[in-house]
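One structure is given below, encoded as structure tokens.
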Amino acid sequence: MKLHEYQAKDIFAEAGIPVPESRLAASVDEVMEAVEEIGYPAAIKAQVHVGGRGKAGGIKIATSEEEAREAAEDILGMDLKGYTVEKVLVEAGVDFENELYVGVTMDRGEGEPVAMVSTQGGVNIEEVAEENPEAIAREHIDPAFGLHPYQARKVVYDAGIDRDVANDVASILTTLYDLYEERDASDIEINPVMITSDGDVVAADAVMNIDDDALFRQPDLAEMEDEAAEDDLERKANDYGFDYVRLSGNVGIIGNGAGLVMTTLDLVDHYGGEPANFLDIGGGAKAERVTNALDMVFSDENVDAVVFNIFGGITRGDEVAKGINEALEAFDEIPKKVVVRLAGTNAEEGMEILNTDLVEVEKTLEDAVQRAVENAQEANQ
Amino acid sequence: MSILVDDDTRVVVQGITGGEGKFHTQQMVEYGTNVVAGTSPGKGGQDVDGIPVYDTVDEAVDEEDADASVVFVPPAFAGDAVFEALDTDLDLVVAITEGIPTQDMAKVNKRLTEVDTRLIGPNCPGIITPGEAKLGILPGNIFESGNVGLVSRSGTLTYQVVSNLTERGIGQTTAIGIGGDPIIGTSFVDALELFEADENTDAVVMCGEIGGEDEEQAAHYIAENMDTPVAGFIAGRTAPPGKRMGHAGAIVSGSGTGTAESKISALNDAGVPVGDTPNEVAEHVEDFL
């Protein structure tokens with residue numbers, strides 16, 4: 001789960017990391033009130049979950065009332081890489097001399113958190129990592145002990161940070177690691193940390209992503225989840241508790257288990273079709289869950305045909321068949337053709353129950369996918 | 001024959017009194033697995049279908065001479081359950097639980113370097129030696145005893161590929177689901193090493209997916225160290241960058257690492273044929289035998 005910049009900054013500020021004065025605003029009037037209090041120059045920053053906001057026109061600096069109004073009008077309501085901007089952060093501009101990068105993330109290859117510091121802040125850090133990896137100093141952290149102060153100092157020195165501010169940067173890094181651990185973050189970053197002409201250190205941006213699997217012990221963060229960040233179908237999937245990703249094709253896909261569902265997507269592509277979605281009903285699904293899955297896929301107007309691919313381990317074929325029947329019997333006319341393939345636990349019982357007036361049945365994965373691709377092509381003609 | 005588990009393996013089920021624990025204990029016993037004990041804090045002294053329940057893993061291991069455990073403990077407590085298992089002298093711990101926080105697993109991962117116990121999982125279907133024992137949730141009836149090893153990050157994909165093998169009359173030595181999480185105990189390389197050393201395994205199937213670089217490392221290991229032929233499959237060719245596809249690990253970063261393409265080409269470079277469909281994987285295995 002991603003937090004917005006303003007949410008992350010609140011958490012950072014509370015932990016003692018210096019951030020610029022700021023206000024959240026949702027209308028042009030609120031922006032104007034905010035700049036009046038904060039003064040000029042002020043940064044007006046779109047609060048949406050996309051990277052590269054600045055380049056995409058989602059961040060503007062205003063030095064006058066006129067510029068502030070213009071920026072607010074431009075940014076509020078704008079479409080930023082598919083997301084509508086509903087809130088902006090109005091923030092005091094910082095007069096800076098240098099921009100640094102500081103972050104903590106999980107190095108999955110090593111199975112350990114890693115702290116990173118670089119003097120190349122204010123730019124796309126992924127590009128720096130790719131093109132000039134030695135510009136980022138790294139220090140792995142033993143998760144049992146946490147980040148020792150000597151390690152924080154070491155990585156700051158290794159990055160070549162100016163001695164005048166090294167202690168302040170190390171202290172920010174230590175606080176960041178503490179937050180990373182306490183709040184179950186998967187990533188936590190400040191890019192840039194600005195060094196002002198007075199030698200002050202200020203977090204001018206804030207990135208904080210939380211491990212979804214740990215939200216049960218971070219209830220206050222879970223509440224910050226921003227529903228507007230998802231489209232309607234993704235929100236629906238969230239309510240049903242499905243792993244769901246919407247894609248651009250027209251063959252709807254339902255299956256159990258991430259690997260098998262991904263494989264079904266790949267086979268749709270292999271046989272000349274285009275997947276409309278990834279939908280994993282998970283393990284041990286009961287009839288109601290199956291009904292919900294069909295409801296999900298039928299709600300996507302791009303879908304022309306559906307393939308239902310179940311290989312039961314924990315999941316039982318008879319439960320799945322019951323759910324499919326229940327879902328489809330509710331329609332006078334079934335909106336899209338459904339092909340079912342059932343294998344594994346209780347598959348035979350499932351096949352006996354399955355109402356084949358409502359669905360087509362194929363025995364193998366390959367046949368089921370090919371049939372669904374044909375159905376989608378026919379529906380499209 | 002087999003790696004890691006066989007009909008001598010003496011198994012403790014952690015979380016045996018829970019719904020999942022109870023159901024799959026019955027399934028494991030029915031399959032022939034030698035389940036000797038269960039644990040559930042506070043329920044020591046009870047029994048589940050005649051299997052004694054203990055408060056602690058330590059007690060279960062001491063009293064019943066167990067050498068492996070299977071963890072069916074809910075995610076909030078599963079990290080602790082694995083720590084408890086690693087604090088005894090078990091040879092093998094299989095963690096089925098899905099959704100363990102990554103930072104909990106980082107701590108477990110650290111502890112693994114300090115003990116002699118092997119961990120499989122978490123978020124995995126477990127391990128099976130057909131005809132002898134299964135530790136986990138795999139459907140026993142699709143497996144046949146034979147001479148092909150299988151290692152996979154995904155449960156249901158394992159079932160799919162195994163059924164393609166079994167339909168052709170190709171049986172398995174052992175199948176291991178290593179799990180789809182970013183931090184797991186046993187890696188592809190660990191499993192391949194065990195299969196390479198097993199004289200009864202004549203070919204290996206490796207099923208990977210997008211995300212991480214474990215498959216690339218495995219490809220390197222195969223090229224350098226393996227005489228046993230390997231056939232591969234990679235799920236997620238059509239996955240769009242930046243989206244998480246179910247498994248926590250199954251996310252493609254924008255920069256080209258962790259993509260299906262990079263994994264397939266690494267495997268091809270190591271002499272591993274990669275099937276476009278699970279059925280093609282079985283065909284490649286047939287060619288090896």
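Scheme for the structure tokens: letters A, B, ... for chains in order shown; per-chain residue numbers from 1; ligand numbers from 1 in order shown.
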**Q.** Contact residues around segment 20-34 of chain B with only C-alpha atoms at 8 Å, ignoring same-chain residues under 4 positions, as a ChimeraX atom specification
**A.** /B:7-11,13-16,48,72-73,131-137,140
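Residues of chain B lying within 6 Å of chain A, counting only C-alpha atoms, are B:Gly99, B:Pro101, B:Ala106, B:Lys107, B:Leu138, B:Pro139, B:Ser154, B:Thr156, B:Leu157, B:Pro182, B:Ile183, B:Ala235, B:Gly236, B:Arg237, B:Thr238, B:Gly246, B:His247.
Straight-line separation from atom CA of Glu283 of chain B to atom CA of Leu150 of chain B: 14.6 Å.
Within the 9 Å cut-off around segment 35-45 of chain A, using only C-alpha atoms and omitting residues fewer than 5 positions from it on the same chain, the listed residues are Glu21, Ser22, Arg23, Glu30, Arg53, Gly54, Gly58, Ile59, Lys60, Ile61, Ala62, Thr63, Ser64, Glu65, Ala68, Ala71, Ala72, Ile75, Lys87, Val88, Leu89, Val90, Glu91, Ala92, Gly93 and Val94 of chain A.
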Expected file: the selected residues, C-alpha atoms, as an mmCIF file, in the first residue's frame:
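Contents of again_21.cif, as written:
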data_model
loop_
_atom_site.group_PDB
_atom_site.id
_atom_site.type_symbol
_atom_site.label_atom_id
_atom_site.label_comp_id
_atom_site.auth_asym_id
_atom_site.auth_seq_id
_atom_site.Cartn_x
_atom_site.Cartn_y
_atom_site.Cartn_z
ATOM 1 C CA GLU A 21 5.722 23.989 6.310
ATOM 2 C CA SER A 22 2.739 22.813 4.277
ATOM 3 C CA ARG A 23 -1.080 22.609 3.923
ATOM 4 C CA GLU A 30 -8.032 26.347 -0.324
ATOM 5 C CA ARG A 53 5.012 14.037 -11.020
ATOM 6 C CA GLY A 54 7.251 17.008 -11.721
ATOM 7 C CA GLY A 58 2.011 17.796 -11.433
ATOM 8 C CA ILE A 59 4.365 20.061 -9.446
ATOM 9 C CA LYS A 60 4.636 23.843 -9.947
ATOM 10 C CA ILE A 61 6.415 26.619 -8.105
ATOM 11 C CA ALA A 62 4.450 29.832 -7.545
ATOM 12 C CA THR A 63 6.155 33.130 -6.733
ATOM 13 C CA SER A 64 3.008 35.286 -6.819
ATOM 14 C CA GLU A 65 -0.729 35.132 -6.161
ATOM 15 C CA ALA A 68 -0.448 30.233 -7.439
ATOM 16 C CA ALA A 71 -0.980 26.416 -10.861
ATOM 17 C CA ALA A 72 -3.922 25.407 -8.672
ATOM 18 C CA ILE A 75 -3.138 20.843 -11.366
ATOM 19 C CA LYS A 87 -5.684 17.050 -3.646
ATOM 20 C CA VAL A 88 -2.534 19.146 -3.732
ATOM 21 C CA LEU A 89 0.069 19.815 -1.101
ATOM 22 C CA VAL A 90 0.943 23.505 -0.815
ATOM 23 C CA GLU A 91 4.428 23.750 0.614
ATOM 24 C CA ALA A 92 6.936 26.479 1.476
ATOM 25 C CA GLY A 93 9.636 26.612 -1.203
ATOM 26 C CA VAL A 94 13.109 25.705 0.045
#
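With only C-alpha atoms as the atoms that count, the residue of B:Thr102, B:Ser2, B:Thr88, B:Gln160 with the shortest distance to Ile184 of chain B is B:Thr102.
Atom CA of Glu98 of chain B to atom CA of Gly185 of chain B spans 13.8 Å [interatomic distance, one decimal].
Of the residues in segment 146-264 of chain A, those given strand (DSSP E) by DSSP on the backbone are Ala185, Ser186, Asp187, Ile188, Glu189, Ile190, Asn191, Pro192, Val193, Met194, Ile195, Thr196, Val201, Val202, Ala203, Val207, Met208, Asn209, Ile210, Asp243, Tyr244, Val245, Arg246, Val251, Gly252, Ile253, Ile254 and Gly255 of chain A.
Minimum atom-to-atom distances from A:Lys336, A:Lys286, A:Lys322, A:Lys236 to Val251 of chain A were compared using only C-alpha atoms, and the lowest value belongs to A:Lys336.
Distances from B:Ser262, B:Thr277, B:Thr173, B:Ser152 to Met206 of chain B were compared using only C-alpha atoms, and the smallest one belongs to B:Ser152.
Nearest to Glu144 of chain B of all the residues B:Ile100, B:Leu165, B:Ala95, B:Leu90 is B:Leu165, based on only C-alpha atoms.
The coordinates place atom CA of Thr105 of chain A at 21.4 Å from atom CA of Asp220 of chain A.
Residues in contact with Gly199 of chain A at up to 10 Å, not including ones fewer than 6 positions away on its chain and judged by only C-alpha atoms, are A:Phe96, A:Glu97, A:Asn98, A:Asp164, A:Val165, A:Asp168.
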Can those selected residues be exported to a file as a short mmCIF file (atom, residue, chain, number, x, y, z; two decimals), in the first residue's frame so that it contains N, CA and C atoms?
data_model
loop_
_atom_site.label_atom_id
_atom_site.label_comp_id
_atom_site.auth_asym_id
_atom_site.auth_seq_id
_atom_site.Cartn_x
_atom_site.Cartn_y
_atom_site.Cartn_z
N PHE A 96 17.64 25.93 -1.75
CA PHE A 96 18.62 24.87 -1.45
C PHE A 96 19.89 25.01 -2.27
N GLU A 97 20.96 24.41 -1.73
CA GLU A 97 22.22 24.39 -2.46
C GLU A 97 22.53 23.01 -3.01
N ASN A 98 22.06 21.99 -2.28
CA ASN A 98 22.35 20.61 -2.69
C ASN A 98 21.14 19.73 -2.47
N ASP A 164 29.89 18.93 7.04
CA ASP A 164 29.07 19.86 7.83
C ASP A 164 27.67 19.30 8.11
N VAL A 165 27.17 18.50 7.17
CA VAL A 165 25.80 18.00 7.34
C VAL A 165 25.74 16.49 7.56
N ASP A 168 23.68 15.25 10.50
CA ASP A 168 22.24 15.46 10.33
C ASP A 168 21.67 14.42 9.37
#
Q. Got a sec: who's within 9 Å of Val340 of chain A, counting only C-alpha atoms, leaving out chain neighbours fewer than 4 positions off, as an NGL selection string?
A. :A and (306-310 or 359-363 or 368)
Produce a file of the selected residues containing N, CA, C and O atoms, as a tab-separated table (two decimals), in the first residue's frame.
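Output file result-v7.tsv is given in full below:
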chain	number	residue	atom	x	y	z
A	306	VAL	N	-14.99	-15.59	-21.48
A	306	VAL	CA	-14.36	-15.88	-20.19
A	306	VAL	C	-13.81	-17.30	-20.17
A	306	VAL	O	-14.45	-18.22	-20.70
A	307	VAL	N	-12.63	-17.46	-19.58
A	307	VAL	CA	-12.12	-18.81	-19.30
A	307	VAL	C	-11.93	-18.96	-17.80
A	307	VAL	O	-11.38	-18.09	-17.13
A	308	PHE	N	-12.45	-20.07	-17.28
A	308	PHE	CA	-12.43	-20.37	-15.85
A	308	PHE	C	-11.54	-21.57	-15.66
A	308	PHE	O	-11.89	-22.68	-16.07
A	309	ASN	N	-10.37	-21.37	-15.10
A	309	ASN	CA	-9.39	-22.46	-15.02
A	309	ASN	C	-9.05	-22.79	-13.58
A	309	ASN	O	-8.41	-22.01	-12.89
A	310	ILE	N	-9.50	-23.96	-13.13
A	310	ILE	CA	-9.28	-24.35	-11.74
A	310	ILE	C	-8.49	-25.65	-11.69
A	310	ILE	O	-8.86	-26.64	-12.33
A	359	VAL	N	-22.47	-23.43	-19.56
A	359	VAL	CA	-21.05	-23.23	-19.87
A	359	VAL	C	-20.55	-24.30	-20.83
A	359	VAL	O	-21.16	-25.36	-20.96
A	360	GLU	N	-19.46	-23.99	-21.51
A	360	GLU	CA	-18.75	-25.01	-22.29
A	360	GLU	C	-17.69	-25.61	-21.38
A	360	GLU	O	-17.15	-24.93	-20.52
A	361	VAL	N	-17.37	-26.88	-21.61
A	361	VAL	CA	-16.37	-27.54	-20.78
A	361	VAL	C	-15.25	-28.06	-21.67
A	361	VAL	O	-15.52	-28.59	-22.75
A	362	GLU	N	-14.02	-27.85	-21.25
A	362	GLU	CA	-12.89	-28.44	-21.96
A	362	GLU	C	-12.05	-29.20	-20.94
A	362	GLU	O	-11.96	-28.81	-19.78
A	363	LYS	N	-11.39	-30.25	-21.40
A	363	LYS	CA	-10.67	-31.11	-20.47
A	363	LYS	C	-9.27	-30.58	-20.15
A	363	LYS	O	-8.82	-30.66	-19.02
A	368	ALA	N	-9.12	-25.35	-23.31
A	368	ALA	CA	-10.00	-24.36	-22.71
A	368	ALA	C	-9.62	-22.95	-23.15
A	368	ALA	O	-10.47	-22.14	-23.53
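Counting only C-alpha atoms, Asp276 of chain B has the following residues at most 8 Å away, ignoring those fewer than 2 positions along the same chain: A:Leu267, A:His270, B:Phe233, B:Val274, B:Pro278, B:Glu280, B:Val281.
Per DSSP on the backbone, alpha helix (DSSP H) in segment 155-216 of chain A comprises Val155, Val156, Tyr157, Asp158, Arg163, Asp164, Val165, Ala166, Asn167, Asp168, Val169, Ala170, Ser171, Ile172, Leu173, Thr174, Thr175, Leu176, Tyr177, Asp178, Leu179, Tyr180, Glu181 and Glu182 of chain A.
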I need the residues from that last selection saved to file as a tab-separated table (two decimals), in the first residue's frame (with N, CA and C atoms), if you can.
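And here's part.tsv as it stands now:
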chain	number	residue	atom	x	y	z
A	155	VAL	N	27.67	4.77	5.95
A	155	VAL	CA	27.07	4.88	4.62
A	155	VAL	C	27.01	6.36	4.19
A	156	VAL	N	26.85	7.25	5.15
A	156	VAL	CA	26.85	8.68	4.84
A	156	VAL	C	28.25	9.13	4.40
A	157	TYR	N	29.28	8.66	5.12
A	157	TYR	CA	30.65	8.99	4.69
A	157	TYR	C	30.96	8.38	3.33
A	158	ASP	N	30.55	7.09	3.14
A	158	ASP	CA	30.81	6.42	1.87
A	158	ASP	C	30.19	7.16	0.69
A	163	ARG	N	30.91	17.06	5.22
A	163	ARG	CA	31.09	16.84	6.67
A	163	ARG	C	30.18	17.72	7.52
A	164	ASP	N	29.89	18.93	7.04
A	164	ASP	CA	29.07	19.86	7.83
A	164	ASP	C	27.67	19.30	8.11
A	165	VAL	N	27.17	18.50	7.17
A	165	VAL	CA	25.80	18.00	7.34
A	165	VAL	C	25.74	16.49	7.56
A	166	ALA	N	26.91	15.84	7.59
A	166	ALA	CA	26.94	14.37	7.67
A	166	ALA	C	26.15	13.85	8.87
A	167	ASN	N	26.33	14.48	10.03
A	167	ASN	CA	25.64	14.00	11.23
A	167	ASN	C	24.13	14.14	11.09
A	168	ASP	N	23.68	15.25	10.50
A	168	ASP	CA	22.24	15.46	10.33
A	168	ASP	C	21.67	14.42	9.37
A	169	VAL	N	22.39	14.11	8.30
A	169	VAL	CA	21.90	13.13	7.33
A	169	VAL	C	21.87	11.74	7.96
A	170	ALA	N	22.92	11.43	8.74
A	170	ALA	CA	22.94	10.13	9.42
A	170	ALA	C	21.77	10.01	10.38
A	171	SER	N	21.44	11.11	11.03
A	171	SER	CA	20.33	11.08	11.98
A	171	SER	C	19.00	10.88	11.26
A	172	ILE	N	18.85	11.51	10.07
A	172	ILE	CA	17.64	11.27	9.26
A	172	ILE	C	17.55	9.81	8.86
A	173	LEU	N	18.69	9.25	8.45
A	173	LEU	CA	18.70	7.85	8.02
A	173	LEU	C	18.31	6.92	9.17
A	174	THR	N	18.84	7.19	10.35
A	174	THR	CA	18.50	6.37	11.52
A	174	THR	C	17.00	6.42	11.80
A	175	THR	N	16.44	7.63	11.73
A	175	THR	CA	15.00	7.77	11.96
A	175	THR	C	14.20	7.03	10.88
A	176	LEU	N	14.67	7.15	9.64
A	176	LEU	CA	13.99	6.46	8.54
A	176	LEU	C	13.97	4.96	8.78
A	177	TYR	N	15.11	4.41	9.21
A	177	TYR	CA	15.15	2.96	9.44
A	177	TYR	C	14.19	2.57	10.57
A	178	ASP	N	14.17	3.37	11.63
A	178	ASP	CA	13.26	3.07	12.74
A	178	ASP	C	11.81	3.04	12.25
A	179	LEU	N	11.45	4.02	11.40
A	179	LEU	CA	10.09	4.05	10.84
A	179	LEU	C	9.84	2.85	9.94
A	180	TYR	N	10.85	2.53	9.13
A	180	TYR	CA	10.75	1.38	8.22
A	180	TYR	C	10.38	0.13	9.01
A	181	GLU	N	11.07	-0.04	10.14
A	181	GLU	CA	10.85	-1.25	10.93
A	181	GLU	C	9.52	-1.19	11.71
A	182	GLU	N	9.31	-0.06	12.40
A	182	GLU	CA	8.10	0.03	13.24
A	182	GLU	C	6.82	0.00	12.41
Q. Quick one: residues within 8 Å of Asn209 of chain A, only C-alpha atoms counted, chain neighbours fewer than 3 positions away excluded, as number ranges by chain?
A. A: 1-3, 185-188
